[in-house]
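Peer 1: protein.cif is reproduced below (mmCIF, N, CA and C atoms).
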```cif
data_final
loop_
_atom_site.group_PDB
_atom_site.id
_atom_site.type_symbol
_atom_site.label_atom_id
_atom_site.label_comp_id
_atom_site.auth_asym_id
_atom_site.auth_seq_id
_atom_site.Cartn_x
_atom_site.Cartn_y
_atom_site.Cartn_z
ATOM 1 N N MET A 1 -32.310 -27.817 63.172
ATOM 2 C CA MET A 1 -30.958 -27.485 62.788
ATOM 3 C C MET A 1 -30.778 -25.971 62.726
ATOM 4 N N ASP A 2 -29.727 -25.471 63.314
ATOM 5 C CA ASP A 2 -29.455 -24.038 63.311
ATOM 6 C C ASP A 2 -28.958 -23.564 61.948
ATOM 7 N N TRP A 3 -29.155 -22.277 61.699
ATOM 8 C CA TRP A 3 -28.611 -21.630 60.512
ATOM 9 C C TRP A 3 -27.144 -21.300 60.772
ATOM 10 N N LYS A 4 -26.397 -21.071 59.700
ATOM 11 C CA LYS A 4 -24.986 -20.746 59.811
ATOM 12 C C LYS A 4 -24.730 -19.393 59.155
ATOM 13 N N ILE A 5 -23.947 -18.550 59.817
ATOM 14 C CA ILE A 5 -23.554 -17.256 59.263
ATOM 15 C C ILE A 5 -22.187 -17.412 58.604
ATOM 16 N N GLU A 6 -22.095 -16.980 57.340
ATOM 17 C CA GLU A 6 -20.833 -16.981 56.606
ATOM 18 C C GLU A 6 -20.578 -15.564 56.102
ATOM 19 N N TYR A 7 -19.369 -15.329 55.641
ATOM 20 C CA TYR A 7 -18.997 -13.996 55.157
ATOM 21 C C TYR A 7 -18.421 -14.099 53.755
ATOM 22 N N TYR A 8 -18.693 -13.085 52.947
ATOM 23 C CA TYR A 8 -18.150 -13.034 51.586
ATOM 24 C C TYR A 8 -16.635 -13.134 51.612
ATOM 25 N N SER A 9 -16.009 -12.479 52.581
ATOM 26 C CA SER A 9 -14.549 -12.519 52.713
ATOM 27 C C SER A 9 -14.167 -12.192 54.153
ATOM 28 N N ASP A 10 -12.905 -12.432 54.473
ATOM 29 C CA ASP A 10 -12.400 -12.047 55.793
ATOM 30 C C ASP A 10 -12.472 -10.539 55.978
ATOM 31 N N THR A 11 -12.278 -9.794 54.899
ATOM 32 C CA THR A 11 -12.349 -8.335 54.962
ATOM 33 C C THR A 11 -13.745 -7.878 55.386
ATOM 34 N N VAL A 12 -14.773 -8.478 54.809
ATOM 35 C CA VAL A 12 -16.153 -8.126 55.182
ATOM 36 C C VAL A 12 -16.374 -8.425 56.657
ATOM 37 N N GLN A 13 -15.904 -9.568 57.117
ATOM 38 C CA GLN A 13 -16.070 -9.919 58.530
ATOM 39 C C GLN A 13 -15.357 -8.900 59.425
ATOM 40 N N ARG A 14 -14.141 -8.508 59.063
ATOM 41 C CA ARG A 14 -13.393 -7.515 59.853
ATOM 42 C C ARG A 14 -14.101 -6.158 59.856
ATOM 43 N N GLU A 15 -14.648 -5.757 58.706
ATOM 44 C CA GLU A 15 -15.365 -4.482 58.629
ATOM 45 C C GLU A 15 -16.598 -4.488 59.540
ATOM 46 N N ILE A 16 -17.301 -5.591 59.555
ATOM 47 C CA ILE A 16 -18.481 -5.698 60.419
ATOM 48 C C ILE A 16 -18.048 -5.648 61.887
ATOM 49 N N LEU A 17 -17.001 -6.381 62.227
ATOM 50 C CA LEU A 17 -16.532 -6.411 63.615
ATOM 51 C C LEU A 17 -15.920 -5.077 64.048
ATOM 52 N N ALA A 18 -15.628 -4.200 63.092
ATOM 53 C CA ALA A 18 -15.086 -2.880 63.401
ATOM 54 C C ALA A 18 -16.171 -1.811 63.542
ATOM 55 N N LEU A 19 -17.436 -2.200 63.434
ATOM 56 C CA LEU A 19 -18.526 -1.241 63.621
ATOM 57 C C LEU A 19 -18.453 -0.652 65.029
ATOM 58 N N PRO A 20 -18.979 0.556 65.230
ATOM 59 C CA PRO A 20 -19.036 1.123 66.587
ATOM 60 C C PRO A 20 -19.732 0.152 67.548
ATOM 61 N N SER A 21 -19.367 0.207 68.808
ATOM 62 C CA SER A 21 -19.778 -0.816 69.783
ATOM 63 C C SER A 21 -21.286 -1.044 69.859
ATOM 64 N N GLY A 22 -22.085 0.000 69.821
ATOM 65 C CA GLY A 22 -23.536 -0.170 69.892
ATOM 66 C C GLY A 22 -24.090 -0.896 68.674
ATOM 67 N N LEU A 23 -23.589 -0.537 67.493
ATOM 68 C CA LEU A 23 -24.023 -1.202 66.265
ATOM 69 C C LEU A 23 -23.527 -2.648 66.232
ATOM 70 N N LEU A 24 -22.320 -2.881 66.707
ATOM 71 C CA LEU A 24 -21.790 -4.240 66.755
ATOM 72 C C LEU A 24 -22.608 -5.113 67.709
ATOM 73 N N ALA A 25 -22.967 -4.564 68.858
ATOM 74 C CA ALA A 25 -23.796 -5.313 69.817
ATOM 75 C C ALA A 25 -25.135 -5.679 69.188
ATOM 76 N N ARG A 26 -25.712 -4.748 68.441
ATOM 77 C CA ARG A 26 -26.988 -5.003 67.764
ATOM 78 C C ARG A 26 -26.815 -6.092 66.700
ATOM 79 N N TYR A 27 -25.710 -6.013 65.957
ATOM 80 C CA TYR A 27 -25.415 -7.017 64.932
ATOM 81 C C TYR A 27 -25.312 -8.408 65.564
ATOM 82 N N ILE A 28 -24.571 -8.508 66.641
ATOM 83 C CA ILE A 28 -24.390 -9.804 67.309
ATOM 84 C C ILE A 28 -25.732 -10.332 67.821
ATOM 85 N N HIS A 29 -26.522 -9.469 68.417
ATOM 86 C CA HIS A 29 -27.835 -9.878 68.920
ATOM 87 C C HIS A 29 -28.724 -10.404 67.787
ATOM 88 N N LEU A 30 -28.782 -9.647 66.688
ATOM 89 C CA LEU A 30 -29.665 -10.043 65.588
ATOM 90 C C LEU A 30 -29.160 -11.285 64.861
ATOM 91 N N THR A 31 -27.840 -11.416 64.691
ATOM 92 C CA THR A 31 -27.341 -12.625 64.023
ATOM 93 C C THR A 31 -27.525 -13.860 64.908
ATOM 94 N N ASP A 32 -27.466 -13.703 66.219
ATOM 95 C CA ASP A 32 -27.789 -14.821 67.113
ATOM 96 C C ASP A 32 -29.226 -15.270 66.883
ATOM 97 N N ARG A 33 -30.122 -14.309 66.709
ATOM 98 C CA ARG A 33 -31.524 -14.644 66.428
ATOM 99 C C ARG A 33 -31.672 -15.304 65.066
ATOM 100 N N MET A 34 -30.885 -14.824 64.073
ATOM 101 C CA MET A 34 -30.944 -15.422 62.735
ATOM 102 C C MET A 34 -30.466 -16.875 62.772
ATOM 103 N N ILE A 35 -29.439 -17.154 63.549
ATOM 104 C CA ILE A 35 -28.938 -18.525 63.671
ATOM 105 C C ILE A 35 -30.026 -19.434 64.243
ATOM 106 N N ALA A 36 -30.756 -18.931 65.212
ATOM 107 C CA ALA A 36 -31.801 -19.740 65.860
ATOM 108 C C ALA A 36 -33.090 -19.822 65.044
ATOM 109 N N PHE A 37 -33.507 -18.703 64.436
ATOM 110 C CA PHE A 37 -34.842 -18.638 63.828
ATOM 111 C C PHE A 37 -34.858 -18.473 62.310
ATOM 112 N N GLY A 38 -33.695 -18.261 61.693
ATOM 113 C CA GLY A 38 -33.651 -18.098 60.242
ATOM 114 C C GLY A 38 -33.426 -16.656 59.832
ATOM 115 N N PRO A 39 -33.248 -16.448 58.528
ATOM 116 C CA PRO A 39 -32.826 -15.144 58.021
ATOM 117 C C PRO A 39 -33.898 -14.064 58.014
ATOM 118 N N ASN A 40 -35.159 -14.424 58.119
ATOM 119 C CA ASN A 40 -36.224 -13.425 58.061
ATOM 120 C C ASN A 40 -36.730 -13.111 59.465
ATOM 121 N N LEU A 41 -36.184 -12.066 60.060
ATOM 122 C CA LEU A 41 -36.632 -11.665 61.400
ATOM 123 C C LEU A 41 -37.815 -10.706 61.325
ATOM 124 N N GLY A 42 -38.130 -10.233 60.140
ATOM 125 C CA GLY A 42 -39.240 -9.304 59.956
ATOM 126 C C GLY A 42 -38.852 -7.886 60.326
ATOM 127 N N ALA A 43 -39.791 -6.969 60.014
ATOM 128 C CA ALA A 43 -39.557 -5.549 60.302
ATOM 129 C C ALA A 43 -39.515 -5.355 61.810
ATOM 130 N N PRO A 44 -38.704 -4.481 62.299
ATOM 131 C CA PRO A 44 -37.795 -3.556 61.619
ATOM 132 C C PRO A 44 -36.376 -4.108 61.474
ATOM 133 N N HIS A 45 -36.167 -5.394 61.723
ATOM 134 C CA HIS A 45 -34.817 -5.952 61.775
ATOM 135 C C HIS A 45 -34.250 -6.355 60.417
ATOM 136 N N THR A 46 -35.083 -6.953 59.571
ATOM 137 C CA THR A 46 -34.629 -7.372 58.250
ATOM 138 C C THR A 46 -35.619 -6.884 57.203
ATOM 139 N N ARG A 47 -35.109 -6.744 55.969
ATOM 140 C CA ARG A 47 -35.981 -6.317 54.876
ATOM 141 C C ARG A 47 -35.456 -6.908 53.581
ATOM 142 N N ALA A 48 -36.373 -7.391 52.752
ATOM 143 C CA ALA A 48 -36.003 -7.892 51.430
ATOM 144 C C ALA A 48 -35.752 -6.699 50.517
ATOM 145 N N ILE A 49 -34.656 -6.746 49.772
ATOM 146 C CA ILE A 49 -34.350 -5.683 48.813
ATOM 147 C C ILE A 49 -34.942 -6.075 47.465
ATOM 148 N N ASN A 50 -34.385 -7.121 46.828
ATOM 149 C CA ASN A 50 -34.950 -7.718 45.616
ATOM 150 C C ASN A 50 -34.075 -8.871 45.159
ATOM 151 N N LYS A 51 -34.662 -9.775 44.402
ATOM 152 C CA LYS A 51 -33.956 -10.897 43.781
ATOM 153 C C LYS A 51 -33.040 -11.656 44.743
ATOM 154 N N GLY A 52 -33.519 -11.905 45.947
ATOM 155 C CA GLY A 52 -32.762 -12.705 46.900
ATOM 156 C C GLY A 52 -31.806 -11.932 47.790
ATOM 157 N N LEU A 53 -31.728 -10.622 47.612
ATOM 158 C CA LEU A 53 -30.858 -9.781 48.440
ATOM 159 C C LEU A 53 -31.673 -9.208 49.596
ATOM 160 N N PHE A 54 -31.101 -9.257 50.801
ATOM 161 C CA PHE A 54 -31.767 -8.760 51.999
ATOM 162 C C PHE A 54 -30.844 -7.812 52.741
ATOM 163 N N GLU A 55 -31.434 -7.019 53.656
ATOM 164 C CA GLU A 55 -30.610 -6.170 54.503
ATOM 165 C C GLU A 55 -30.956 -6.403 55.964
ATOM 166 N N LEU A 56 -29.909 -6.435 56.773
ATOM 167 C CA LEU A 56 -30.025 -6.483 58.224
ATOM 168 C C LEU A 56 -29.911 -5.033 58.673
ATOM 169 N N ARG A 57 -30.912 -4.560 59.394
ATOM 170 C CA ARG A 57 -31.015 -3.144 59.738
ATOM 171 C C ARG A 57 -30.568 -2.928 61.183
ATOM 172 N N LEU A 58 -29.472 -2.207 61.340
ATOM 173 C CA LEU A 58 -28.892 -1.974 62.658
ATOM 174 C C LEU A 58 -29.093 -0.516 63.052
ATOM 175 N N LYS A 59 -29.519 -0.292 64.285
ATOM 176 C CA LYS A 59 -29.701 1.062 64.787
ATOM 177 C C LYS A 59 -29.240 1.107 66.237
ATOM 178 N N ALA A 60 -28.424 2.109 66.562
ATOM 179 C CA ALA A 60 -27.913 2.286 67.919
ATOM 180 C C ALA A 60 -27.626 3.769 68.122
ATOM 181 N N ALA A 61 -27.141 4.120 69.301
ATOM 182 C CA ALA A 61 -26.843 5.517 69.613
ATOM 183 C C ALA A 61 -25.846 6.121 68.626
ATOM 184 N N GLU A 62 -24.937 5.291 68.091
ATOM 185 C CA GLU A 62 -23.918 5.788 67.163
ATOM 186 C C GLU A 62 -24.455 6.070 65.766
ATOM 187 N N GLY A 63 -25.634 5.584 65.455
ATOM 188 C CA GLY A 63 -26.207 5.813 64.131
ATOM 189 C C GLY A 63 -26.905 4.582 63.591
ATOM 190 N N ILE A 64 -26.914 4.502 62.269
ATOM 191 C CA ILE A 64 -27.617 3.429 61.566
ATOM 192 C C ILE A 64 -26.646 2.764 60.613
ATOM 193 N N ALA A 65 -26.686 1.431 60.556
ATOM 194 C CA ALA A 65 -25.853 0.685 59.613
ATOM 195 C C ALA A 65 -26.712 -0.377 58.946
ATOM 196 N N ARG A 66 -26.243 -0.827 57.809
ATOM 197 C CA ARG A 66 -26.902 -1.907 57.087
ATOM 198 C C ARG A 66 -25.867 -2.968 56.737
ATOM 199 N N VAL A 67 -26.304 -4.221 56.795
ATOM 200 C CA VAL A 67 -25.479 -5.344 56.345
ATOM 201 C C VAL A 67 -26.323 -6.103 55.323
ATOM 202 N N PHE A 68 -25.836 -6.172 54.083
ATOM 203 C CA PHE A 68 -26.534 -6.906 53.041
ATOM 204 C C PHE A 68 -26.154 -8.376 53.114
ATOM 205 N N TYR A 69 -27.134 -9.247 52.854
ATOM 206 C CA TYR A 69 -26.891 -10.684 52.894
ATOM 207 C C TYR A 69 -27.817 -11.411 51.942
ATOM 208 N N PHE A 70 -27.498 -12.671 51.663
ATOM 209 C CA PHE A 70 -28.408 -13.539 50.930
ATOM 210 C C PHE A 70 -28.335 -14.937 51.524
ATOM 211 N N VAL A 71 -29.267 -15.779 51.123
ATOM 212 C CA VAL A 71 -29.398 -17.118 51.707
ATOM 213 C C VAL A 71 -28.977 -18.150 50.674
ATOM 214 N N ARG A 72 -28.143 -19.088 51.110
ATOM 215 C CA ARG A 72 -27.698 -20.192 50.258
ATOM 216 C C ARG A 72 -28.318 -21.489 50.764
ATOM 217 N N THR A 73 -28.276 -22.510 49.932
ATOM 218 C CA THR A 73 -28.799 -23.809 50.351
ATOM 219 C C THR A 73 -27.998 -24.326 51.546
ATOM 220 N N GLY A 74 -28.622 -25.188 52.300
ATOM 221 C CA GLY A 74 -27.965 -25.747 53.480
ATOM 222 C C GLY A 74 -28.069 -24.823 54.680
ATOM 223 N N GLN A 75 -29.077 -23.981 54.712
ATOM 224 C CA GLN A 75 -29.329 -23.052 55.819
ATOM 225 C C GLN A 75 -28.106 -22.189 56.127
ATOM 226 N N ARG A 76 -27.582 -21.557 55.073
ATOM 227 C CA ARG A 76 -26.425 -20.678 55.217
ATOM 228 C C ARG A 76 -26.812 -19.253 54.844
ATOM 229 N N ILE A 77 -26.452 -18.324 55.694
ATOM 230 C CA ILE A 77 -26.679 -16.893 55.473
ATOM 231 C C ILE A 77 -25.313 -16.278 55.202
ATOM 232 N N VAL A 78 -25.177 -15.629 54.039
ATOM 233 C CA VAL A 78 -23.887 -15.059 53.655
ATOM 234 C C VAL A 78 -23.951 -13.534 53.747
ATOM 235 N N MET A 79 -23.115 -12.974 54.629
ATOM 236 C CA MET A 79 -23.010 -11.527 54.775
ATOM 237 C C MET A 79 -22.104 -11.001 53.661
ATOM 238 N N LEU A 80 -22.631 -10.063 52.872
ATOM 239 C CA LEU A 80 -21.945 -9.610 51.668
ATOM 240 C C LEU A 80 -21.227 -8.272 51.826
ATOM 241 N N HIS A 81 -21.868 -7.332 52.511
ATOM 242 C CA HIS A 81 -21.338 -5.960 52.528
ATOM 243 C C HIS A 81 -22.011 -5.192 53.660
ATOM 244 N N GLN A 82 -21.261 -4.289 54.285
ATOM 245 C CA GLN A 82 -21.838 -3.439 55.326
ATOM 246 C C GLN A 82 -21.464 -1.998 55.065
ATOM 247 N N PHE A 83 -22.282 -1.088 55.558
ATOM 248 C CA PHE A 83 -21.954 0.332 55.517
ATOM 249 C C PHE A 83 -22.762 1.063 56.578
ATOM 250 N N VAL A 84 -22.252 2.207 56.989
ATOM 251 C CA VAL A 84 -22.957 3.062 57.948
ATOM 252 C C VAL A 84 -23.729 4.091 57.146
ATOM 253 N N LYS A 85 -25.024 4.183 57.416
ATOM 254 C CA LYS A 85 -25.885 5.108 56.666
ATOM 255 C C LYS A 85 -25.645 6.540 57.104
ATOM 256 N N LYS A 86 -25.566 7.419 56.129
ATOM 257 C CA LYS A 86 -25.418 8.844 56.409
ATOM 258 C C LYS A 86 -26.543 9.657 55.777
ATOM 259 N N THR A 87 -27.333 8.990 54.925
ATOM 260 C CA THR A 87 -28.461 9.653 54.263
ATOM 261 C C THR A 87 -29.710 8.809 54.438
ATOM 262 N N GLN A 88 -30.852 9.403 54.138
ATOM 263 C CA GLN A 88 -32.127 8.699 54.261
ATOM 264 C C GLN A 88 -32.191 7.497 53.303
ATOM 265 N N LYS A 89 -31.734 7.707 52.096
ATOM 266 C CA LYS A 89 -31.812 6.669 51.061
ATOM 267 C C LYS A 89 -30.511 5.867 51.005
ATOM 268 N N THR A 90 -30.636 4.564 50.741
ATOM 269 C CA THR A 90 -29.458 3.708 50.603
ATOM 270 C C THR A 90 -28.726 4.085 49.315
ATOM 271 N N PRO A 91 -27.441 4.419 49.410
ATOM 272 C CA PRO A 91 -26.689 4.791 48.207
ATOM 273 C C PRO A 91 -26.626 3.639 47.199
ATOM 274 N N LEU A 92 -26.817 3.958 45.928
ATOM 275 C CA LEU A 92 -26.797 2.967 44.859
ATOM 276 C C LEU A 92 -25.459 2.233 44.808
ATOM 277 N N LYS A 93 -24.373 2.934 45.114
ATOM 278 C CA LYS A 93 -23.037 2.330 45.114
ATOM 279 C C LYS A 93 -22.972 1.135 46.074
ATOM 280 N N GLU A 94 -23.568 1.276 47.253
ATOM 281 C CA GLU A 94 -23.553 0.206 48.254
ATOM 282 C C GLU A 94 -24.370 -0.996 47.775
ATOM 283 N N LEU A 95 -25.521 -0.725 47.157
ATOM 284 C CA LEU A 95 -26.346 -1.811 46.616
ATOM 285 C C LEU A 95 -25.623 -2.555 45.498
ATOM 286 N N LYS A 96 -24.923 -1.819 44.649
ATOM 287 C CA LYS A 96 -24.201 -2.445 43.536
ATOM 288 C C LYS A 96 -23.124 -3.393 44.039
ATOM 289 N N ILE A 97 -22.416 -2.990 45.087
ATOM 290 C CA ILE A 97 -21.378 -3.862 45.660
ATOM 291 C C ILE A 97 -22.003 -5.168 46.136
ATOM 292 N N ALA A 98 -23.100 -5.070 46.881
ATOM 293 C CA ALA A 98 -23.753 -6.269 47.417
ATOM 294 C C ALA A 98 -24.286 -7.160 46.298
ATOM 295 N N ARG A 99 -24.933 -6.558 45.292
ATOM 296 C CA ARG A 99 -25.471 -7.355 44.180
ATOM 297 C C ARG A 99 -24.350 -8.071 43.416
ATOM 298 N N HIS A 100 -23.251 -7.358 43.176
ATOM 299 C CA HIS A 100 -22.126 -7.952 42.457
ATOM 300 C C HIS A 100 -21.571 -9.152 43.230
ATOM 301 N N ARG A 101 -21.400 -9.001 44.523
ATOM 302 C CA ARG A 101 -20.857 -10.088 45.342
ATOM 303 C C ARG A 101 -21.815 -11.275 45.390
ATOM 304 N N MET A 102 -23.106 -11.000 45.467
ATOM 305 C CA MET A 102 -24.087 -12.077 45.497
ATOM 306 C C MET A 102 -24.042 -12.862 44.183
ATOM 307 N N LYS A 103 -24.021 -12.159 43.054
ATOM 308 C CA LYS A 103 -23.972 -12.833 41.740
ATOM 309 C C LYS A 103 -22.687 -13.642 41.596
ATOM 310 N N GLU A 104 -21.594 -13.079 42.082
ATOM 311 C CA GLU A 104 -20.307 -13.781 42.013
ATOM 312 C C GLU A 104 -20.376 -15.122 42.743
ATOM 313 N N LEU A 105 -20.967 -15.129 43.935
ATOM 314 C CA LEU A 105 -21.069 -16.366 44.711
ATOM 315 C C LEU A 105 -22.082 -17.331 44.096
ATOM 316 N N GLN A 106 -23.158 -16.806 43.544
ATOM 317 C CA GLN A 106 -24.160 -17.668 42.934
ATOM 318 C C GLN A 106 -23.620 -18.363 41.684
ATOM 319 N N ASN A 107 -22.708 -17.703 40.974
ATOM 320 C CA ASN A 107 -22.165 -18.258 39.738
ATOM 321 C C ASN A 107 -20.922 -19.106 39.958
ATOM 322 N N ALA A 108 -20.464 -19.180 41.203
ATOM 323 C CA ALA A 108 -19.233 -19.939 41.496
ATOM 324 C C ALA A 108 -19.490 -21.422 41.529
#
```
In structure tokens, how does this file's structure come out?
Peer 2:
Amino acid sequence: MDWKIEYYSDTVQREILALPSGLLARYIHLTDRMIAFGPNLGAPHTRAINKGLFELRLKAAEGIARVFYFVRTGQRIVMLHQFVKKTQKTPLKELKIARHRMKELQNA
């Protein structure tokens, strides 16, 4: 059975689809692999953050982006938040958004 990609909201889906073309192509390629093989593609494509939160690591000529996600029962991968990296370290603000959204869905 294949995995299913879901989005926290339509806004999150639109933001991801608005990524620069190279990053979007990478996102589509990696999510196709996630649908077929599951959420853990291993380094350098995915990385566990903590407490069930993961990041999809996108890199292309336009730069670097991250998409935070978590896994729900029923083989569902939920994309929570995306941002384009401008610094070496992931900004705490971006992590807080993803953690808040994950907790919100887990408690629903």
Peer 1: Work out how far atom N of Leu24 of chain A is from atom N of Met1 of chain A, in Å to one decimal.
Peer 2: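 Result for atom N of Met1 of chain A versus atom N of Leu24 of chain A: 27.1 Å, one decimal.
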Peer 1: Counting only C-alpha atoms, which residues of segment 7-73 of chain A fall within 12 Å of segment 100-106 of chain A, and what is the closest atom pair for each with its distance in Å at one decimal, ordered by chain and rising number, as a tab-separated table?
Peer 2:
```
residue	atom	partner	partner_atom	distance
A:Tyr7	CA	A:Arg101	CA	10.7
A:Tyr8	CA	A:Arg101	CA	7.4
A:Ser9	CA	A:Arg101	CA	10.0
A:Val12	CA	A:Arg101	CA	11.1
A:Asn50	CA	A:Met102	CA	11.7
A:Lys51	CA	A:Met102	CA	10.1
A:Gly52	CA	A:Met102	CA	8.8
A:Leu53	CA	A:Met102	CA	7.7
A:Phe54	CA	A:Met102	CA	10.6
A:Phe68	CA	A:Met102	CA	9.5
A:Tyr69	CA	A:Met102	CA	8.0
A:Phe70	CA	A:Met102	CA	7.1
A:Val71	CA	A:Met102	CA	9.6
A:Arg72	CA	A:Gln106	CA	8.5
A:Thr73	CA	A:Gln106	CA	10.7
```
Peer 1: Which residues would end up in the selection if the PyMOL selection byres ((chain A and resi 55) around 7) were applied here, given that I need the answer as a PyMOL selection string?
Peer 2: chain A and resi 45-49+53-54+56-58+66-69
Peer 1: With N, CA and C atoms retained, could you export that selection as a JSON list (two decimals), in the coordinates of the input?
Peer 2:
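Okay, part_27.json is ready:
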```json
[["chain", "number", "residue", "atom", "x", "y", "z"],
["A", 45, "HIS", "N", -36.17, -5.39, 61.72],
["A", 45, "HIS", "CA", -34.82, -5.95, 61.78],
["A", 45, "HIS", "C", -34.25, -6.36, 60.42],
["A", 46, "THR", "N", -35.08, -6.95, 59.57],
["A", 46, "THR", "CA", -34.63, -7.37, 58.25],
["A", 46, "THR", "C", -35.62, -6.88, 57.20],
["A", 47, "ARG", "N", -35.11, -6.74, 55.97],
["A", 47, "ARG", "CA", -35.98, -6.32, 54.88],
["A", 47, "ARG", "C", -35.46, -6.91, 53.58],
["A", 48, "ALA", "N", -36.37, -7.39, 52.75],
["A", 48, "ALA", "CA", -36.00, -7.89, 51.43],
["A", 48, "ALA", "C", -35.75, -6.70, 50.52],
["A", 49, "ILE", "N", -34.66, -6.75, 49.77],
["A", 49, "ILE", "CA", -34.35, -5.68, 48.81],
["A", 49, "ILE", "C", -34.94, -6.08, 47.46],
["A", 53, "LEU", "N", -31.73, -10.62, 47.61],
["A", 53, "LEU", "CA", -30.86, -9.78, 48.44],
["A", 53, "LEU", "C", -31.67, -9.21, 49.60],
["A", 54, "PHE", "N", -31.10, -9.26, 50.80],
["A", 54, "PHE", "CA", -31.77, -8.76, 52.00],
["A", 54, "PHE", "C", -30.84, -7.81, 52.74],
["A", 56, "LEU", "N", -29.91, -6.44, 56.77],
["A", 56, "LEU", "CA", -30.02, -6.48, 58.22],
["A", 56, "LEU", "C", -29.91, -5.03, 58.67],
["A", 57, "ARG", "N", -30.91, -4.56, 59.39],
["A", 57, "ARG", "CA", -31.02, -3.14, 59.74],
["A", 57, "ARG", "C", -30.57, -2.93, 61.18],
["A", 58, "LEU", "N", -29.47, -2.21, 61.34],
["A", 58, "LEU", "CA", -28.89, -1.97, 62.66],
["A", 58, "LEU", "C", -29.09, -0.52, 63.05],
["A", 66, "ARG", "N", -26.24, -0.83, 57.81],
["A", 66, "ARG", "CA", -26.90, -1.91, 57.09],
["A", 66, "ARG", "C", -25.87, -2.97, 56.74],
["A", 67, "VAL", "N", -26.30, -4.22, 56.80],
["A", 67, "VAL", "CA", -25.48, -5.34, 56.34],
["A", 67, "VAL", "C", -26.32, -6.10, 55.32],
["A", 68, "PHE", "N", -25.84, -6.17, 54.08],
["A", 68, "PHE", "CA", -26.53, -6.91, 53.04],
["A", 68, "PHE", "C", -26.15, -8.38, 53.11],
["A", 69, "TYR", "N", -27.13, -9.25, 52.85],
["A", 69, "TYR", "CA", -26.89, -10.68, 52.89],
["A", 69, "TYR", "C", -27.82, -11.41, 51.94]]
```
Peer 1: Under the PyMOL selection byres (((chain A and resi 63 and name CA) around 9) and name CA), which residues of this model are included? Write them out as a PyMOL selection string.
Peer 2: chain A and resi 20+22-23+58-62+64-65+84-86
Peer 1: Would you please work out which residue, of A:Trp3, A:Ala18, A:Ala108, A:Gln13, is nearest to His81 of chain A when using all atoms listed in the file?
Peer 2: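 Residue with the minimum atom-to-atom distance to His81 of chain A: A:Gln13.
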Peer 1: So which bits of chain A end up helix (DSSP H, G or I) when you DSSP the backbone, as JSON, numbers by chain?
Peer 2: {"A": [10, 11, 12, 13, 14, 15, 16, 17, 21, 22, 23, 24, 25, 26, 27, 28, 29, 30, 31, 32, 33, 34, 35, 36, 37, 92, 93, 94, 95, 96, 97, 98, 99, 100, 101, 102, 103, 104, 105, 106]}
Peer 1: For Ala36 of chain A, which residue out of A:Lys96, A:Arg76, A:Arg14, A:Lys4 is the nearest one, using all atoms listed in the file?
Peer 2: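 Residue with the minimum atom-to-atom distance to Ala36 of chain A: A:Lys4.
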Peer 1: Which parts of chain A does DSSP call strand (DSSP E or B) when run on the backbone here, written out as number ranges by chain?
Peer 2: A: 4-7, 46-50, 53-60, 63-72, 76-85
Peer 1: Between atom CA of Ala43 of chain A and atom CA of Asn107 of chain A, measure the distance and give it in Å to one decimal.
Peer 2: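 These atoms are spaced 29.8 Å apart.
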Peer 1: By how many Å are atom CA of Gln75 of chain A and atom C of Thr31 of chain A apart?
Peer 2: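 It comes out at 13.1 Å.
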Peer 1: Counting only N, CA and C atoms, figure out which residue out of A:Asp10, A:Glu94, A:Glu15, A:Asp2 gets nearest to Gly38 of chain A.
Peer 2: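 So, comparing all the options, the nearest one is A:Asp2.
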Peer 1: What box, with edges along x, y and z, holds each listed atom of segment 79-82 of chain A when 6 Å is added on every side, and can you state its centre and edge lengths in Å to one decimal, as AutoDock Vina command-line options?
Peer 2:
```
--center_x -22.2 --center_y -7.5 --center_z 53.5 --size_x 13.9 --size_y 23.0 --size_z 15.7
```
Peer 1: Smallest atom-to-atom distance to Ile35 of chain A: which of A:Leu17, A:Thr11, A:Ile5, A:Arg99, using all atoms listed in the file?
Peer 2: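 Once distances to Ile35 of chain A are computed over all atoms listed in the file, the minimum belongs to A:Ile5.
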